[in-house]
$ cat query11.cif   # mmCIF, N, CA and C atoms
data_final
loop_
_atom_site.group_PDB
_atom_site.id
_atom_site.type_symbol
_atom_site.label_atom_id
_atom_site.label_comp_id
_atom_site.auth_asym_id
_atom_site.auth_seq_id
_atom_site.Cartn_x
_atom_site.Cartn_y
_atom_site.Cartn_z
ATOM 1 N N MET A 1 132.031 72.380 14.584
ATOM 2 C CA MET A 1 131.112 71.404 15.127
ATOM 3 C C MET A 1 129.678 71.838 14.827
ATOM 4 N N GLN A 2 128.889 70.937 14.283
ATOM 5 C CA GLN A 2 127.500 71.218 13.943
ATOM 6 C C GLN A 2 126.602 70.976 15.160
ATOM 7 N N PRO A 3 125.512 71.744 15.256
ATOM 8 C CA PRO A 3 124.597 71.552 16.391
ATOM 9 C C PRO A 3 123.843 70.232 16.260
ATOM 10 N N PRO A 4 123.429 69.657 17.375
ATOM 11 C CA PRO A 4 122.617 68.436 17.311
ATOM 12 C C PRO A 4 121.229 68.740 16.748
ATOM 13 N N GLU A 5 120.498 67.678 16.411
ATOM 14 C CA GLU A 5 119.185 67.824 15.764
ATOM 15 C C GLU A 5 118.194 68.648 16.584
ATOM 16 N N HIS A 6 118.205 68.499 17.898
ATOM 17 C CA HIS A 6 117.214 69.234 18.695
ATOM 18 C C HIS A 6 117.419 70.745 18.613
ATOM 19 N N VAL A 7 118.631 71.178 18.303
ATOM 20 C CA VAL A 7 118.880 72.613 18.155
ATOM 21 C C VAL A 7 118.154 73.138 16.920
ATOM 22 N N ALA A 8 118.036 72.326 15.867
ATOM 23 C CA ALA A 8 117.275 72.732 14.683
ATOM 24 C C ALA A 8 115.822 73.006 15.074
ATOM 25 N N PHE A 9 115.249 72.150 15.913
ATOM 26 C CA PHE A 9 113.872 72.356 16.374
ATOM 27 C C PHE A 9 113.762 73.662 17.155
ATOM 28 N N ILE A 10 114.656 73.880 18.092
ATOM 29 C CA ILE A 10 114.608 75.087 18.931
ATOM 30 C C ILE A 10 114.757 76.340 18.081
ATOM 31 N N LEU A 11 115.721 76.337 17.158
ATOM 32 C CA LEU A 11 115.938 77.515 16.321
ATOM 33 C C LEU A 11 114.759 77.766 15.390
ATOM 34 N N GLY A 12 114.142 76.717 14.889
ATOM 35 C CA GLY A 12 112.956 76.877 14.051
ATOM 36 C C GLY A 12 111.803 77.478 14.831
ATOM 37 N N ALA A 13 111.597 77.009 16.049
ATOM 38 C CA ALA A 13 110.528 77.549 16.897
ATOM 39 C C ALA A 13 110.805 79.012 17.249
ATOM 40 N N VAL A 14 112.044 79.329 17.559
ATOM 41 C CA VAL A 14 112.419 80.711 17.883
ATOM 42 C C VAL A 14 112.218 81.607 16.663
ATOM 43 N N GLY A 15 112.595 81.116 15.486
ATOM 44 C CA GLY A 15 112.403 81.899 14.259
ATOM 45 C C GLY A 15 110.945 82.197 14.004
ATOM 46 N N SER A 16 110.089 81.229 14.275
ATOM 47 C CA SER A 16 108.659 81.425 14.086
ATOM 48 C C SER A 16 108.114 82.467 15.064
ATOM 49 N N LEU A 17 108.510 82.387 16.315
ATOM 50 C CA LEU A 17 108.049 83.361 17.307
ATOM 51 C C LEU A 17 108.668 84.740 17.096
ATOM 52 N N ALA A 18 109.904 84.781 16.607
ATOM 53 C CA ALA A 18 110.573 86.067 16.388
ATOM 54 C C ALA A 18 109.792 86.922 15.405
ATOM 55 N N LEU A 19 109.231 86.297 14.409
ATOM 56 C CA LEU A 19 108.432 87.025 13.431
ATOM 57 C C LEU A 19 107.242 87.709 14.106
ATOM 58 N N GLU A 20 106.583 87.001 14.999
ATOM 59 C CA GLU A 20 105.436 87.585 15.707
ATOM 60 C C GLU A 20 105.879 88.732 16.605
ATOM 61 N N PHE A 21 107.020 88.602 17.250
ATOM 62 C CA PHE A 21 107.489 89.666 18.124
ATOM 63 C C PHE A 21 107.898 90.907 17.338
ATOM 64 N N VAL A 22 108.386 90.731 16.122
ATOM 65 C CA VAL A 22 108.681 91.886 15.266
ATOM 66 C C VAL A 22 107.387 92.620 14.932
ATOM 67 N N MET A 23 106.347 91.868 14.586
ATOM 68 C CA MET A 23 105.050 92.494 14.290
ATOM 69 C C MET A 23 104.465 93.171 15.529
ATOM 70 N N LEU A 24 104.663 92.558 16.687
ATOM 71 C CA LEU A 24 104.202 93.156 17.942
ATOM 72 C C LEU A 24 104.940 94.465 18.219
ATOM 73 N N LEU A 25 106.228 94.486 17.981
ATOM 74 C CA LEU A 25 107.022 95.702 18.176
ATOM 75 C C LEU A 25 106.556 96.811 17.230
ATOM 76 N N GLN A 26 106.258 96.456 15.985
ATOM 77 C CA GLN A 26 105.740 97.452 15.043
ATOM 78 C C GLN A 26 104.409 98.016 15.528
ATOM 79 N N ALA A 27 103.571 97.178 16.089
ATOM 80 C CA ALA A 27 102.285 97.644 16.620
ATOM 81 C C ALA A 27 102.502 98.616 17.780
ATOM 82 N N PHE A 28 103.472 98.334 18.629
ATOM 83 C CA PHE A 28 103.778 99.241 19.738
ATOM 84 C C PHE A 28 104.229 100.602 19.208
ATOM 85 N N HIS A 29 105.047 100.587 18.157
ATOM 86 C CA HIS A 29 105.537 101.850 17.596
ATOM 87 C C HIS A 29 104.421 102.659 16.949
ATOM 88 N N ARG A 30 103.420 101.995 16.401
ATOM 89 C CA ARG A 30 102.272 102.695 15.828
ATOM 90 C C ARG A 30 101.353 103.236 16.916
ATOM 91 N N GLY A 31 101.493 102.713 18.118
ATOM 92 C CA GLY A 31 100.680 103.181 19.231
ATOM 93 C C GLY A 31 99.342 102.489 19.373
ATOM 94 N N LYS A 32 99.074 101.516 18.521
ATOM 95 C CA LYS A 32 97.803 100.809 18.612
ATOM 96 C C LYS A 32 98.069 99.315 18.568
ATOM 97 N N LEU A 33 97.741 98.650 19.663
ATOM 98 C CA LEU A 33 97.948 97.213 19.767
ATOM 99 C C LEU A 33 96.713 96.490 19.248
ATOM 100 N N PRO A 34 96.857 95.650 18.195
ATOM 101 C CA PRO A 34 95.695 94.907 17.701
ATOM 102 C C PRO A 34 95.115 94.008 18.790
ATOM 103 N N SER A 35 93.809 93.820 18.743
ATOM 104 C CA SER A 35 93.123 93.054 19.784
ATOM 105 C C SER A 35 93.582 91.596 19.823
ATOM 106 N N ARG A 36 94.094 91.074 18.715
ATOM 107 C CA ARG A 36 94.520 89.668 18.716
ATOM 108 C C ARG A 36 95.620 89.410 19.741
ATOM 109 N N TYR A 37 96.444 90.420 20.006
ATOM 110 C CA TYR A 37 97.536 90.239 20.960
ATOM 111 C C TYR A 37 97.043 90.151 22.403
ATOM 112 N N LYS A 38 95.780 90.488 22.623
ATOM 113 C CA LYS A 38 95.194 90.395 23.958
ATOM 114 C C LYS A 38 94.368 89.122 24.121
ATOM 115 N N SER A 39 94.389 88.280 23.101
ATOM 116 C CA SER A 39 93.574 87.067 23.075
ATOM 117 C C SER A 39 94.407 85.835 23.441
ATOM 118 N N ILE A 40 93.972 85.118 24.460
ATOM 119 C CA ILE A 40 94.676 83.893 24.862
ATOM 120 C C ILE A 40 94.611 82.835 23.759
ATOM 121 N N PRO A 41 93.456 82.631 23.093
ATOM 122 C CA PRO A 41 93.438 81.649 22.005
ATOM 123 C C PRO A 41 94.435 81.978 20.887
ATOM 124 N N PHE A 42 94.631 83.270 20.594
ATOM 125 C CA PHE A 42 95.624 83.650 19.587
ATOM 126 C C PHE A 42 97.009 83.167 19.992
ATOM 127 N N TRP A 43 97.392 83.389 21.243
ATOM 128 C CA TRP A 43 98.727 82.995 21.685
ATOM 129 C C TRP A 43 98.876 81.475 21.755
ATOM 130 N N ILE A 44 97.789 80.773 22.068
ATOM 131 C CA ILE A 44 97.850 79.301 22.063
ATOM 132 C C ILE A 44 98.132 78.809 20.645
ATOM 133 N N VAL A 45 97.382 79.345 19.680
ATOM 134 C CA VAL A 45 97.595 78.961 18.281
ATOM 135 C C VAL A 45 98.993 79.364 17.823
ATOM 136 N N ARG A 46 99.451 80.524 18.258
ATOM 137 C CA ARG A 46 100.777 81.013 17.835
ATOM 138 C C ARG A 46 101.887 80.131 18.398
ATOM 139 N N VAL A 47 101.749 79.667 19.618
ATOM 140 C CA VAL A 47 102.743 78.760 20.199
ATOM 141 C C VAL A 47 102.728 77.415 19.455
ATOM 142 N N ILE A 48 101.521 76.948 19.108
ATOM 143 C CA ILE A 48 101.434 75.709 18.324
ATOM 144 C C ILE A 48 102.109 75.902 16.968
ATOM 145 N N MET A 49 101.889 77.066 16.337
ATOM 146 C CA MET A 49 102.525 77.350 15.050
ATOM 147 C C MET A 49 104.039 77.380 15.190
ATOM 148 N N SER A 50 104.548 77.892 16.298
ATOM 149 C CA SER A 50 105.994 77.893 16.491
ATOM 150 C C SER A 50 106.507 76.463 16.654
ATOM 151 N N GLY A 51 105.680 75.598 17.249
ATOM 152 C CA GLY A 51 106.048 74.179 17.318
ATOM 153 C C GLY A 51 106.151 73.566 15.935
ATOM 154 N N PHE A 52 105.202 73.936 15.046
ATOM 155 C CA PHE A 52 105.290 73.469 13.661
ATOM 156 C C PHE A 52 106.567 73.991 13.003
ATOM 157 N N GLY A 53 106.930 75.238 13.319
ATOM 158 C CA GLY A 53 108.183 75.794 12.788
ATOM 159 C C GLY A 53 109.376 74.974 13.223
ATOM 160 N N GLY A 54 109.367 74.548 14.481
ATOM 161 C CA GLY A 54 110.449 73.700 14.971
ATOM 162 C C GLY A 54 110.458 72.334 14.309
ATOM 163 N N ILE A 55 109.269 71.759 14.103
ATOM 164 C CA ILE A 55 109.191 70.439 13.469
ATOM 165 C C ILE A 55 109.683 70.504 12.026
ATOM 166 N N ILE A 56 109.266 71.536 11.287
ATOM 167 C CA ILE A 56 109.709 71.656 9.897
ATOM 168 C C ILE A 56 111.212 71.889 9.833
ATOM 169 N N ALA A 57 111.748 72.722 10.717
ATOM 170 C CA ALA A 57 113.198 72.937 10.742
ATOM 171 C C ALA A 57 113.932 71.646 11.085
ATOM 172 N N TRP A 58 113.395 70.890 12.029
ATOM 173 C CA TRP A 58 114.009 69.605 12.393
ATOM 174 C C TRP A 58 113.971 68.637 11.209
ATOM 175 N N ALA A 59 112.867 68.660 10.435
ATOM 176 C CA ALA A 59 112.752 67.778 9.269
ATOM 177 C C ALA A 59 113.794 68.121 8.211
ATOM 178 N N TYR A 60 114.200 69.378 8.145
ATOM 179 C CA TYR A 60 115.220 69.807 7.195
ATOM 180 C C TYR A 60 116.635 69.629 7.734
ATOM 181 N N TYR A 61 116.778 69.115 8.943
ATOM 182 C CA TYR A 61 118.093 69.039 9.581
ATOM 183 C C TYR A 61 119.123 68.345 8.699
ATOM 184 N N SER A 62 120.254 68.957 8.613
ATOM 185 C CA SER A 62 121.414 68.371 7.938
ATOM 186 C C SER A 62 122.658 68.976 8.581
ATOM 187 N N PRO A 63 123.674 68.167 8.852
ATOM 188 C CA PRO A 63 124.908 68.734 9.418
ATOM 189 C C PRO A 63 125.560 69.769 8.503
ATOM 190 N N ALA A 64 125.203 69.748 7.216
ATOM 191 C CA ALA A 64 125.809 70.686 6.272
ATOM 192 C C ALA A 64 125.164 72.073 6.316
ATOM 193 N N LEU A 65 123.982 72.194 6.913
ATOM 194 C CA LEU A 65 123.293 73.487 6.936
ATOM 195 C C LEU A 65 123.805 74.374 8.070
ATOM 196 N N HIS A 66 123.878 75.663 7.770
ATOM 197 C CA HIS A 66 124.251 76.641 8.796
ATOM 198 C C HIS A 66 123.055 76.810 9.744
ATOM 199 N N PRO A 67 123.283 76.914 11.037
ATOM 200 C CA PRO A 67 122.178 77.003 12.003
ATOM 201 C C PRO A 67 121.196 78.154 11.749
ATOM 202 N N ILE A 68 121.641 79.261 11.169
ATOM 203 C CA ILE A 68 120.717 80.386 10.941
ATOM 204 C C ILE A 68 119.618 79.998 9.964
ATOM 205 N N LEU A 69 119.865 79.012 9.118
ATOM 206 C CA LEU A 69 118.839 78.576 8.167
ATOM 207 C C LEU A 69 117.635 77.969 8.882
ATOM 208 N N TYR A 70 117.842 77.370 10.039
ATOM 209 C CA TYR A 70 116.722 76.820 10.801
ATOM 210 C C TYR A 70 115.818 77.934 11.315
ATOM 211 N N VAL A 71 116.416 79.071 11.664
ATOM 212 C CA VAL A 71 115.634 80.240 12.080
ATOM 213 C C VAL A 71 114.802 80.727 10.893
ATOM 214 N N HIS A 72 115.412 80.771 9.710
ATOM 215 C CA HIS A 72 114.707 81.207 8.505
ATOM 216 C C HIS A 72 113.545 80.268 8.185
ATOM 217 N N ILE A 73 113.772 78.973 8.313
ATOM 218 C CA ILE A 73 112.715 77.996 8.046
ATOM 219 C C ILE A 73 111.555 78.195 9.022
ATOM 220 N N GLY A 74 111.877 78.401 10.286
ATOM 221 C CA GLY A 74 110.827 78.645 11.278
ATOM 222 C C GLY A 74 110.027 79.899 10.971
ATOM 223 N N ALA A 75 110.708 80.954 10.540
ATOM 224 C CA ALA A 75 110.015 82.199 10.202
ATOM 225 C C ALA A 75 109.127 82.017 8.975
ATOM 226 N N ALA A 76 109.515 81.132 8.078
ATOM 227 C CA ALA A 76 108.746 80.905 6.851
ATOM 228 C C ALA A 76 107.627 79.881 7.029
ATOM 229 N N THR A 77 107.518 79.280 8.191
ATOM 230 C CA THR A 77 106.536 78.207 8.404
ATOM 231 C C THR A 77 105.105 78.591 8.042
ATOM 232 N N PRO A 78 104.578 79.756 8.451
ATOM 233 C CA PRO A 78 103.198 80.073 8.074
ATOM 234 C C PRO A 78 102.996 80.070 6.554
ATOM 235 N N VAL A 79 103.943 80.619 5.818
ATOM 236 C CA VAL A 79 103.832 80.645 4.356
ATOM 237 C C VAL A 79 103.925 79.227 3.789
ATOM 238 N N LEU A 80 104.834 78.425 4.326
ATOM 239 C CA LEU A 80 104.976 77.047 3.853
ATOM 240 C C LEU A 80 103.683 76.258 4.076
ATOM 241 N N LEU A 81 103.089 76.403 5.249
ATOM 242 C CA LEU A 81 101.863 75.671 5.557
ATOM 243 C C LEU A 81 100.675 76.166 4.726
ATOM 244 N N MET A 82 100.584 77.472 4.504
ATOM 245 C CA MET A 82 99.501 77.987 3.669
ATOM 246 C C MET A 82 99.639 77.498 2.228
ATOM 247 N N GLN A 83 100.863 77.464 1.725
ATOM 248 C CA GLN A 83 101.094 76.979 0.371
ATOM 249 C C GLN A 83 100.746 75.495 0.276
ATOM 250 N N PHE A 84 101.143 74.745 1.273
ATOM 251 C CA PHE A 84 100.846 73.317 1.298
ATOM 252 C C PHE A 84 99.332 73.086 1.331
ATOM 253 N N ALA A 85 98.629 73.867 2.130
ATOM 254 C CA ALA A 85 97.183 73.697 2.264
ATOM 255 C C ALA A 85 96.434 74.112 1.005
ATOM 256 N N SER A 86 96.976 75.040 0.238
ATOM 257 C CA SER A 86 96.258 75.530 -0.934
ATOM 258 C C SER A 86 96.591 74.766 -2.213
ATOM 259 N N SER A 87 97.603 73.903 -2.186
ATOM 260 C CA SER A 87 97.955 73.160 -3.402
ATOM 261 C C SER A 87 97.062 71.933 -3.536
ATOM 262 N N PRO A 88 96.681 71.602 -4.778
ATOM 263 C CA PRO A 88 95.801 70.440 -4.968
ATOM 264 C C PRO A 88 96.552 69.142 -4.694
ATOM 265 N N PRO A 89 95.829 68.107 -4.301
ATOM 266 C CA PRO A 89 96.500 66.831 -4.052
ATOM 267 C C PRO A 89 97.005 66.244 -5.367
ATOM 268 N N PRO A 90 98.064 65.454 -5.314
ATOM 269 C CA PRO A 90 98.594 64.862 -6.543
ATOM 270 C C PRO A 90 97.630 63.811 -7.096
ATOM 271 N N ASP A 91 97.741 63.579 -8.400
ATOM 272 C CA ASP A 91 96.931 62.531 -9.025
ATOM 273 C C ASP A 91 97.389 61.171 -8.508
ATOM 274 N N PRO A 92 96.451 60.274 -8.246
ATOM 275 C CA PRO A 92 96.850 58.941 -7.781
ATOM 276 C C PRO A 92 97.541 58.171 -8.903
ATOM 277 N N PRO A 93 98.467 57.293 -8.560
ATOM 278 C CA PRO A 93 99.144 56.528 -9.607
ATOM 279 C C PRO A 93 98.190 55.523 -10.242
ATOM 280 N N SER A 94 98.485 55.182 -11.480
ATOM 281 C CA SER A 94 97.682 54.182 -12.182
ATOM 282 C C SER A 94 98.112 52.789 -11.710
ATOM 283 N N PRO A 95 97.395 51.765 -12.120
ATOM 284 C CA PRO A 95 97.805 50.402 -11.733
ATOM 285 C C PRO A 95 99.227 50.053 -12.188
ATOM 286 N N THR A 96 99.732 50.762 -13.197
ATOM 287 C CA THR A 96 101.100 50.487 -13.663
ATOM 288 C C THR A 96 102.133 51.208 -12.815
ATOM 289 N N GLY A 97 101.660 52.070 -11.920
ATOM 290 C CA GLY A 97 102.592 52.800 -11.055
ATOM 291 C C GLY A 97 102.929 54.175 -11.581
ATOM 292 N N ARG A 98 102.448 54.521 -12.773
ATOM 293 C CA ARG A 98 102.703 55.851 -13.348
ATOM 294 C C ARG A 98 101.456 56.714 -13.184
ATOM 295 N N ALA A 99 101.641 57.990 -13.024
ATOM 296 C CA ALA A 99 100.503 58.898 -12.885
ATOM 297 C C ALA A 99 99.754 58.975 -14.207
ATOM 298 N N GLU A 100 98.457 58.931 -14.118
ATOM 299 C CA GLU A 100 97.619 59.056 -15.303
ATOM 300 C C GLU A 100 97.584 60.526 -15.715
ATOM 301 N N PRO A 101 97.625 60.824 -17.019
ATOM 302 C CA PRO A 101 97.519 62.222 -17.439
ATOM 303 C C PRO A 101 96.130 62.760 -17.120
ATOM 304 N N THR A 102 96.063 64.015 -16.678
ATOM 305 C CA THR A 102 94.779 64.621 -16.348
ATOM 306 C C THR A 102 94.038 65.043 -17.587
ATOM 307 N N ASP A 103 94.734 65.275 -18.699
ATOM 308 C CA ASP A 103 94.115 65.673 -19.956
ATOM 309 C C ASP A 103 94.128 64.471 -20.900
ATOM 310 N N PRO A 104 92.967 63.895 -21.225
ATOM 311 C CA PRO A 104 92.945 62.686 -22.066
ATOM 312 C C PRO A 104 93.535 62.927 -23.454
ATOM 313 N N SER A 105 93.502 64.180 -23.944
ATOM 314 C CA SER A 105 94.069 64.432 -25.266
ATOM 315 C C SER A 105 95.597 64.429 -25.238
ATOM 316 N N ALA A 106 96.200 64.466 -24.051
ATOM 317 C CA ALA A 106 97.659 64.472 -23.933
ATOM 318 C C ALA A 106 98.248 63.081 -24.109
ATOM 319 N N ALA A 107 97.422 62.044 -24.050
ATOM 320 C CA ALA A 107 97.934 60.678 -24.148
ATOM 321 C C ALA A 107 98.275 60.276 -25.552
#

$ encode --input "query11.cif" --output "structure tokens"
Amino acid sequence: MQPPEHVAFILGAVGSLALEFVMLLQAFHRGKLPSRYKSIPFWIVRVIMSGFGGIIAWAYYSPALHPILYVHIGAATPVLLMQFASSPPPDPPSPTGRAEPTDPSAA
């Protein structure tokens, strides 16, 4: 039996937060806690980011996927969002519906 869609959201959010807790544990082992972990705005942003992890995992929902993949998607959310933000927007389609070549000599 496959989990319902809302479980994909929960597992994605947990995967996103789990990554932060691993980094927090490493900081404890080093003996020096970074100041960001003492900042309320940091944790507000981090909880929002975990929500994005849940939303992205939910968007990928498929009954064919193993539930652990939703955790992986949530953990990868910061990288996915940074990649999305750094990629250039696509070229707008031409009036014919096809993308215009960016290099005029390619036509």

$ residues_near_point --input "query11.cif" --point "(121.4, 74.7, 12.0)" --cutoff "12 Å" --atoms "only C-alpha atoms" --output "JSON, numbers by chain"
{"A": [1, 2, 3, 4, 5, 6, 7, 8, 9, 10, 11, 12, 15, 54, 57, 58, 59, 60, 61, 62, 63, 64, 65, 66, 67, 68, 69, 70, 71, 72, 73, 74]}

$ write_last_selection --input "query11.cif" --atoms "N, CA and C atoms" --output "short mmCIF file (atom, residue, chain, number, x, y, z; two decimals), in the frame of the given file"
data_model
loop_
_atom_site.label_atom_id
_atom_site.label_comp_id
_atom_site.auth_asym_id
_atom_site.auth_seq_id
_atom_site.Cartn_x
_atom_site.Cartn_y
_atom_site.Cartn_z
N MET A 1 132.03 72.38 14.58
CA MET A 1 131.11 71.40 15.13
C MET A 1 129.68 71.84 14.83
N GLN A 2 128.89 70.94 14.28
CA GLN A 2 127.50 71.22 13.94
C GLN A 2 126.60 70.98 15.16
N PRO A 3 125.51 71.74 15.26
CA PRO A 3 124.60 71.55 16.39
C PRO A 3 123.84 70.23 16.26
N PRO A 4 123.43 69.66 17.38
CA PRO A 4 122.62 68.44 17.31
C PRO A 4 121.23 68.74 16.75
N GLU A 5 120.50 67.68 16.41
CA GLU A 5 119.18 67.82 15.76
C GLU A 5 118.19 68.65 16.58
N HIS A 6 118.20 68.50 17.90
CA HIS A 6 117.21 69.23 18.70
C HIS A 6 117.42 70.74 18.61
N VAL A 7 118.63 71.18 18.30
CA VAL A 7 118.88 72.61 18.16
C VAL A 7 118.15 73.14 16.92
N ALA A 8 118.04 72.33 15.87
CA ALA A 8 117.28 72.73 14.68
C ALA A 8 115.82 73.01 15.07
N PHE A 9 115.25 72.15 15.91
CA PHE A 9 113.87 72.36 16.37
C PHE A 9 113.76 73.66 17.16
N ILE A 10 114.66 73.88 18.09
CA ILE A 10 114.61 75.09 18.93
C ILE A 10 114.76 76.34 18.08
N LEU A 11 115.72 76.34 17.16
CA LEU A 11 115.94 77.52 16.32
C LEU A 11 114.76 77.77 15.39
N GLY A 12 114.14 76.72 14.89
CA GLY A 12 112.96 76.88 14.05
C GLY A 12 111.80 77.48 14.83
N GLY A 15 112.60 81.12 15.49
CA GLY A 15 112.40 81.90 14.26
C GLY A 15 110.94 82.20 14.00
N GLY A 54 109.37 74.55 14.48
CA GLY A 54 110.45 73.70 14.97
C GLY A 54 110.46 72.33 14.31
N ALA A 57 111.75 72.72 10.72
CA ALA A 57 113.20 72.94 10.74
C ALA A 57 113.93 71.65 11.08
N TRP A 58 113.40 70.89 12.03
CA TRP A 58 114.01 69.60 12.39
C TRP A 58 113.97 68.64 11.21
N ALA A 59 112.87 68.66 10.44
CA ALA A 59 112.75 67.78 9.27
C ALA A 59 113.79 68.12 8.21
N TYR A 60 114.20 69.38 8.14
CA TYR A 60 115.22 69.81 7.20
C TYR A 60 116.64 69.63 7.73
N TYR A 61 116.78 69.11 8.94
CA TYR A 61 118.09 69.04 9.58
C TYR A 61 119.12 68.34 8.70
N SER A 62 120.25 68.96 8.61
CA SER A 62 121.41 68.37 7.94
C SER A 62 122.66 68.98 8.58
N PRO A 63 123.67 68.17 8.85
CA PRO A 63 124.91 68.73 9.42
C PRO A 63 125.56 69.77 8.50
N ALA A 64 125.20 69.75 7.22
CA ALA A 64 125.81 70.69 6.27
C ALA A 64 125.16 72.07 6.32
N LEU A 65 123.98 72.19 6.91
CA LEU A 65 123.29 73.49 6.94
C LEU A 65 123.80 74.37 8.07
N HIS A 66 123.88 75.66 7.77
CA HIS A 66 124.25 76.64 8.80
C HIS A 66 123.06 76.81 9.74
N PRO A 67 123.28 76.91 11.04
CA PRO A 67 122.18 77.00 12.00
C PRO A 67 121.20 78.15 11.75
N ILE A 68 121.64 79.26 11.17
CA ILE A 68 120.72 80.39 10.94
C ILE A 68 119.62 80.00 9.96
N LEU A 69 119.86 79.01 9.12
CA LEU A 69 118.84 78.58 8.17
C LEU A 69 117.64 77.97 8.88
N TYR A 70 117.84 77.37 10.04
CA TYR A 70 116.72 76.82 10.80
C TYR A 70 115.82 77.93 11.32
N VAL A 71 116.42 79.07 11.66
CA VAL A 71 115.63 80.24 12.08
C VAL A 71 114.80 80.73 10.89
N HIS A 72 115.41 80.77 9.71
CA HIS A 72 114.71 81.21 8.51
C HIS A 72 113.54 80.27 8.18
N ILE A 73 113.77 78.97 8.31
CA ILE A 73 112.72 78.00 8.05
C ILE A 73 111.56 78.19 9.02
N GLY A 74 111.88 78.40 10.29
CA GLY A 74 110.83 78.64 11.28
C GLY A 74 110.03 79.90 10.97
#

$ closest_residue --input "query11.cif" --among "A:Pro95, A:Gly53, A:Ala27, A:Pro90" --to "Ala75 (chain A)" --atoms "all atoms listed in the file"
A:Gly53

$ select_by_dssp --input "query11.cif" --residues "region 17-95 of chain A" --states "alpha helix (DSSP H)" --output "VMD selection string"
chain A and resid 17 to 30 40 to 59 68 to 86

$ atom_distance --input "query11.cif" --atom1 "atom C of Phe84 (chain A)" --atom2 "atom N of Leu19 (chain A)"
21.1 Å

$ atom_distance --input "query11.cif" --atom1 "CA of Leu24 (chain A)" --atom2 "CA of Ile44 (chain A)"
15.8 Å

$ atom_distance --input "query11.cif" --atom1 "atom N of Arg30 (chain A)" --atom2 "CA of Leu17 (chain A)"
19.2 Å

$ axis_aligned_box --input "query11.cif" --around "region 71-83 of chain A" --padding-each-side "5 Å" --output "lines of an AutoDock Vina configuration file"
center_x = 108.0
center_y = 78.8
center_z = 6.2
size_x = 26.9
size_y = 16.7
size_z = 21.8
